[in-house]
Amino acid sequence: MRIYVFSPGLRIWHWVNFLTILVLFGTGLYIGNPFFSGPPGIEATHAYGEGLTMGFIRKIHFLAGYILLASFIFRVIIGIFSKRDRMVLPRFWTRDYWSSLKEITLKYLLLKKDSDGREYIRNACARTAYPLIYLAILFMIVTGFGMYGLSNPGGFWSSLLGWVVWALGGEFQTHMWHRWVAWLIIVAAILHVYFVIREEIIRRNGEISSMINGYKYFEKEPADIGDLK
Ligand code: HEM
């Protein structure tokens, strides 16, 4: 059974988000620890002439930060106006959530066959992880623009988000939180890629191509098909 799962808007958002996070993580690591200036072969002294300065790398980080913010707003808007793209939440209060969580954990541990039991568009593990990932991205935006505002006291970002730096206990602590959550997002992204490849290999259900063409294949009707209607 071929089911249309991902809208064009969601697919575009996914790849823009992927690229911006990659750029933000790369430039962010350099900001936190400027271990080299430019590609191998260019020493710090000469990097200035090549324009490969900390100022340049920070500019790229902030530009990608604005793109991340714009794409996050876009994701919220399509989540509100398109039923297919609305945010799924873990239904902790239902028995189905816990039995599905147990089932998917056994499958991920390879203790149960993937073809056994129910099928889901988003299983209990995905329903729990995705909202947390959105929250982590929002946290990076809020702390990022909070720190960004420090360079222009009284300006737009410092007026809007200056309190964030204060609430986290100061500039140093905000940097550290921004750095820890960056790693959390990257670890989550690596696990995400593992689970996508695993799904594709075990079930051959079009998991990888679905984020390009929108379609996934199912053997039975997914238990949460109502999410798409
Ligand atoms: C998932 C998204 C993001 C990742 C993975 C990321 C990663 C990082 C990392 C690893 C650092 C170095 C932290 C440190 O050691 O001080 C950093 C610094 C910073 N980031 Fe981000 N960041 C993200 C989003 C943003 C956004 C949206 C903004 C908004 C403009 C932003 C603004 C900043 C600022 C202002 C700094 C400090 C720069 C400095 O002190 O020179 N970041 N980021």
# chains A, B, ... in the order shown; residues from 1 in each chain; ligands from 1

call {"tool": "select_by_dssp", "arguments": {"residues": "region 3-216 of chain A", "states": "alpha helix (DSSP H)", "output": "count of residues only"}}
result
146

call {"tool": "residues_near_ligand", "arguments": {"ligand": "ligand 1", "cutoff": "9 Å", "atoms": "only C-alpha atoms and all ligand atoms", "output": "VMD selection string"}}
result
chain A and resid 17 20 to 33 54 to 55 58 61 to 69 136 to 151 172 174 to 186

call {"tool": "atom_distance", "arguments": {"atom1": "CA of Ala126 (chain A)", "atom2": "CA of Asp227 (chain A)"}}
result
13.5 Å

call {"tool": "closest_residue", "arguments": {"among": "A:Val196, A:Ile190, A:Ala129, A:Met87", "to": "Met211 (chain A)", "atoms": "only C-alpha atoms"}}
result
A:Val196

call {"tool": "residues_around", "arguments": {"residues": "Val88 (chain A)", "least_positions_apart": "4", "cutoff": "12 Å", "atoms": "only C-alpha atoms", "output": "ChimeraX atom specification"}}
result
/A:79-80,83-84,121-132,134,224-228

call {"tool": "write_last_selection", "arguments": {"atoms": "N, CA and C atoms", "output": "PDB file, in the first residue's frame"}}
result
ATOM      1  N   GLY A  79       2.367  23.605   9.863  1.00  0.00           N
ATOM      2  CA  GLY A  79       1.810  22.732  10.902  1.00  0.00           C
ATOM      3  C   GLY A  79       0.422  23.179  11.345  1.00  0.00           C
ATOM      4  N   ILE A  80       0.189  24.490  11.258  1.00  0.00           N
ATOM      5  CA  ILE A  80      -1.119  25.015  11.675  1.00  0.00           C
ATOM      6  C   ILE A  80      -2.150  24.867  10.547  1.00  0.00           C
ATOM      7  N   LYS A  83      -3.246  19.937   7.566  1.00  0.00           N
ATOM      8  CA  LYS A  83      -3.513  18.850   8.517  1.00  0.00           C
ATOM      9  C   LYS A  83      -2.414  17.788   8.470  1.00  0.00           C
ATOM     10  N   ARG A  84      -1.971  17.476   7.260  1.00  0.00           N
ATOM     11  CA  ARG A  84      -0.954  16.438   7.078  1.00  0.00           C
ATOM     12  C   ARG A  84       0.337  16.779   7.826  1.00  0.00           C
ATOM     13  N   ILE A 121       2.612   5.283  10.888  1.00  0.00           N
ATOM     14  CA  ILE A 121       3.271   6.333  10.104  1.00  0.00           C
ATOM     15  C   ILE A 121       4.393   6.871  10.995  1.00  0.00           C
ATOM     16  N   ARG A 122       4.034   7.167  12.260  1.00  0.00           N
ATOM     17  CA  ARG A 122       5.046   7.569  13.240  1.00  0.00           C
ATOM     18  C   ARG A 122       4.823   6.748  14.499  1.00  0.00           C
ATOM     19  N   ASN A 123       5.800   5.883  14.807  1.00  0.00           N
ATOM     20  CA  ASN A 123       5.629   5.014  15.971  1.00  0.00           C
ATOM     21  C   ASN A 123       5.837   5.820  17.264  1.00  0.00           C
ATOM     22  N   ALA A 124       5.628   5.143  18.404  1.00  0.00           N
ATOM     23  CA  ALA A 124       5.673   5.855  19.696  1.00  0.00           C
ATOM     24  C   ALA A 124       7.026   6.526  19.927  1.00  0.00           C
ATOM     25  N   CYS A 125       8.098   5.896  19.437  1.00  0.00           N
ATOM     26  CA  CYS A 125       9.436   6.463  19.622  1.00  0.00           C
ATOM     27  C   CYS A 125       9.567   7.769  18.808  1.00  0.00           C
ATOM     28  N   ALA A 126       9.097   7.723  17.554  1.00  0.00           N
ATOM     29  CA  ALA A 126       9.142   8.918  16.705  1.00  0.00           C
ATOM     30  C   ALA A 126       8.256  10.024  17.278  1.00  0.00           C
ATOM     31  N   ARG A 127       7.083   9.643  17.744  1.00  0.00           N
ATOM     32  CA  ARG A 127       6.165  10.644  18.312  1.00  0.00           C
ATOM     33  C   ARG A 127       6.773  11.344  19.518  1.00  0.00           C
ATOM     34  N   THR A 128       7.643  10.627  20.246  1.00  0.00           N
ATOM     35  CA  THR A 128       8.264  11.217  21.434  1.00  0.00           C
ATOM     36  C   THR A 128       9.478  12.048  21.036  1.00  0.00           C
ATOM     37  N   ALA A 129      10.264  11.524  20.076  1.00  0.00           N
ATOM     38  CA  ALA A 129      11.532  12.181  19.731  1.00  0.00           C
ATOM     39  C   ALA A 129      11.316  13.489  18.954  1.00  0.00           C
ATOM     40  N   TYR A 130      10.392  13.486  17.992  1.00  0.00           N
ATOM     41  CA  TYR A 130      10.275  14.678  17.134  1.00  0.00           C
ATOM     42  C   TYR A 130       9.915  15.958  17.903  1.00  0.00           C
ATOM     43  N   PRO A 131       8.925  15.923  18.787  1.00  0.00           N
ATOM     44  CA  PRO A 131       8.649  17.170  19.535  1.00  0.00           C
ATOM     45  C   PRO A 131       9.865  17.637  20.334  1.00  0.00           C
ATOM     46  N   LEU A 132      10.652  16.674  20.860  1.00  0.00           N
ATOM     47  CA  LEU A 132      11.843  17.066  21.625  1.00  0.00           C
ATOM     48  C   LEU A 132      12.883  17.714  20.708  1.00  0.00           C
ATOM     49  N   TYR A 134      12.196  19.396  17.917  1.00  0.00           N
ATOM     50  CA  TYR A 134      11.709  20.755  17.616  1.00  0.00           C
ATOM     51  C   TYR A 134      12.018  21.693  18.789  1.00  0.00           C
ATOM     52  N   ASP A 224      -2.016   4.721  12.875  1.00  0.00           N
ATOM     53  CA  ASP A 224      -2.225   6.163  13.078  1.00  0.00           C
ATOM     54  C   ASP A 224      -2.529   6.883  11.768  1.00  0.00           C
ATOM     55  N   ILE A 225      -3.186   6.178  10.840  1.00  0.00           N
ATOM     56  CA  ILE A 225      -3.497   6.777   9.525  1.00  0.00           C
ATOM     57  C   ILE A 225      -4.333   8.054   9.686  1.00  0.00           C
ATOM     58  N   GLY A 226      -5.071   8.136  10.806  1.00  0.00           N
ATOM     59  CA  GLY A 226      -5.914   9.309  11.072  1.00  0.00           C
ATOM     60  C   GLY A 226      -5.121  10.607  11.122  1.00  0.00           C
ATOM     61  N   ASP A 227      -3.827  10.515  11.419  1.00  0.00           N
ATOM     62  CA  ASP A 227      -2.985  11.711  11.484  1.00  0.00           C
ATOM     63  C   ASP A 227      -2.896  12.448  10.150  1.00  0.00           C
ATOM     64  N   LEU A 228      -3.122  11.702   9.064  1.00  0.00           N
ATOM     65  CA  LEU A 228      -2.952  12.307   7.728  1.00  0.00           C
ATOM     66  C   LEU A 228      -4.249  12.897   7.196  1.00  0.00           C
TER      67      LEU A 228
END
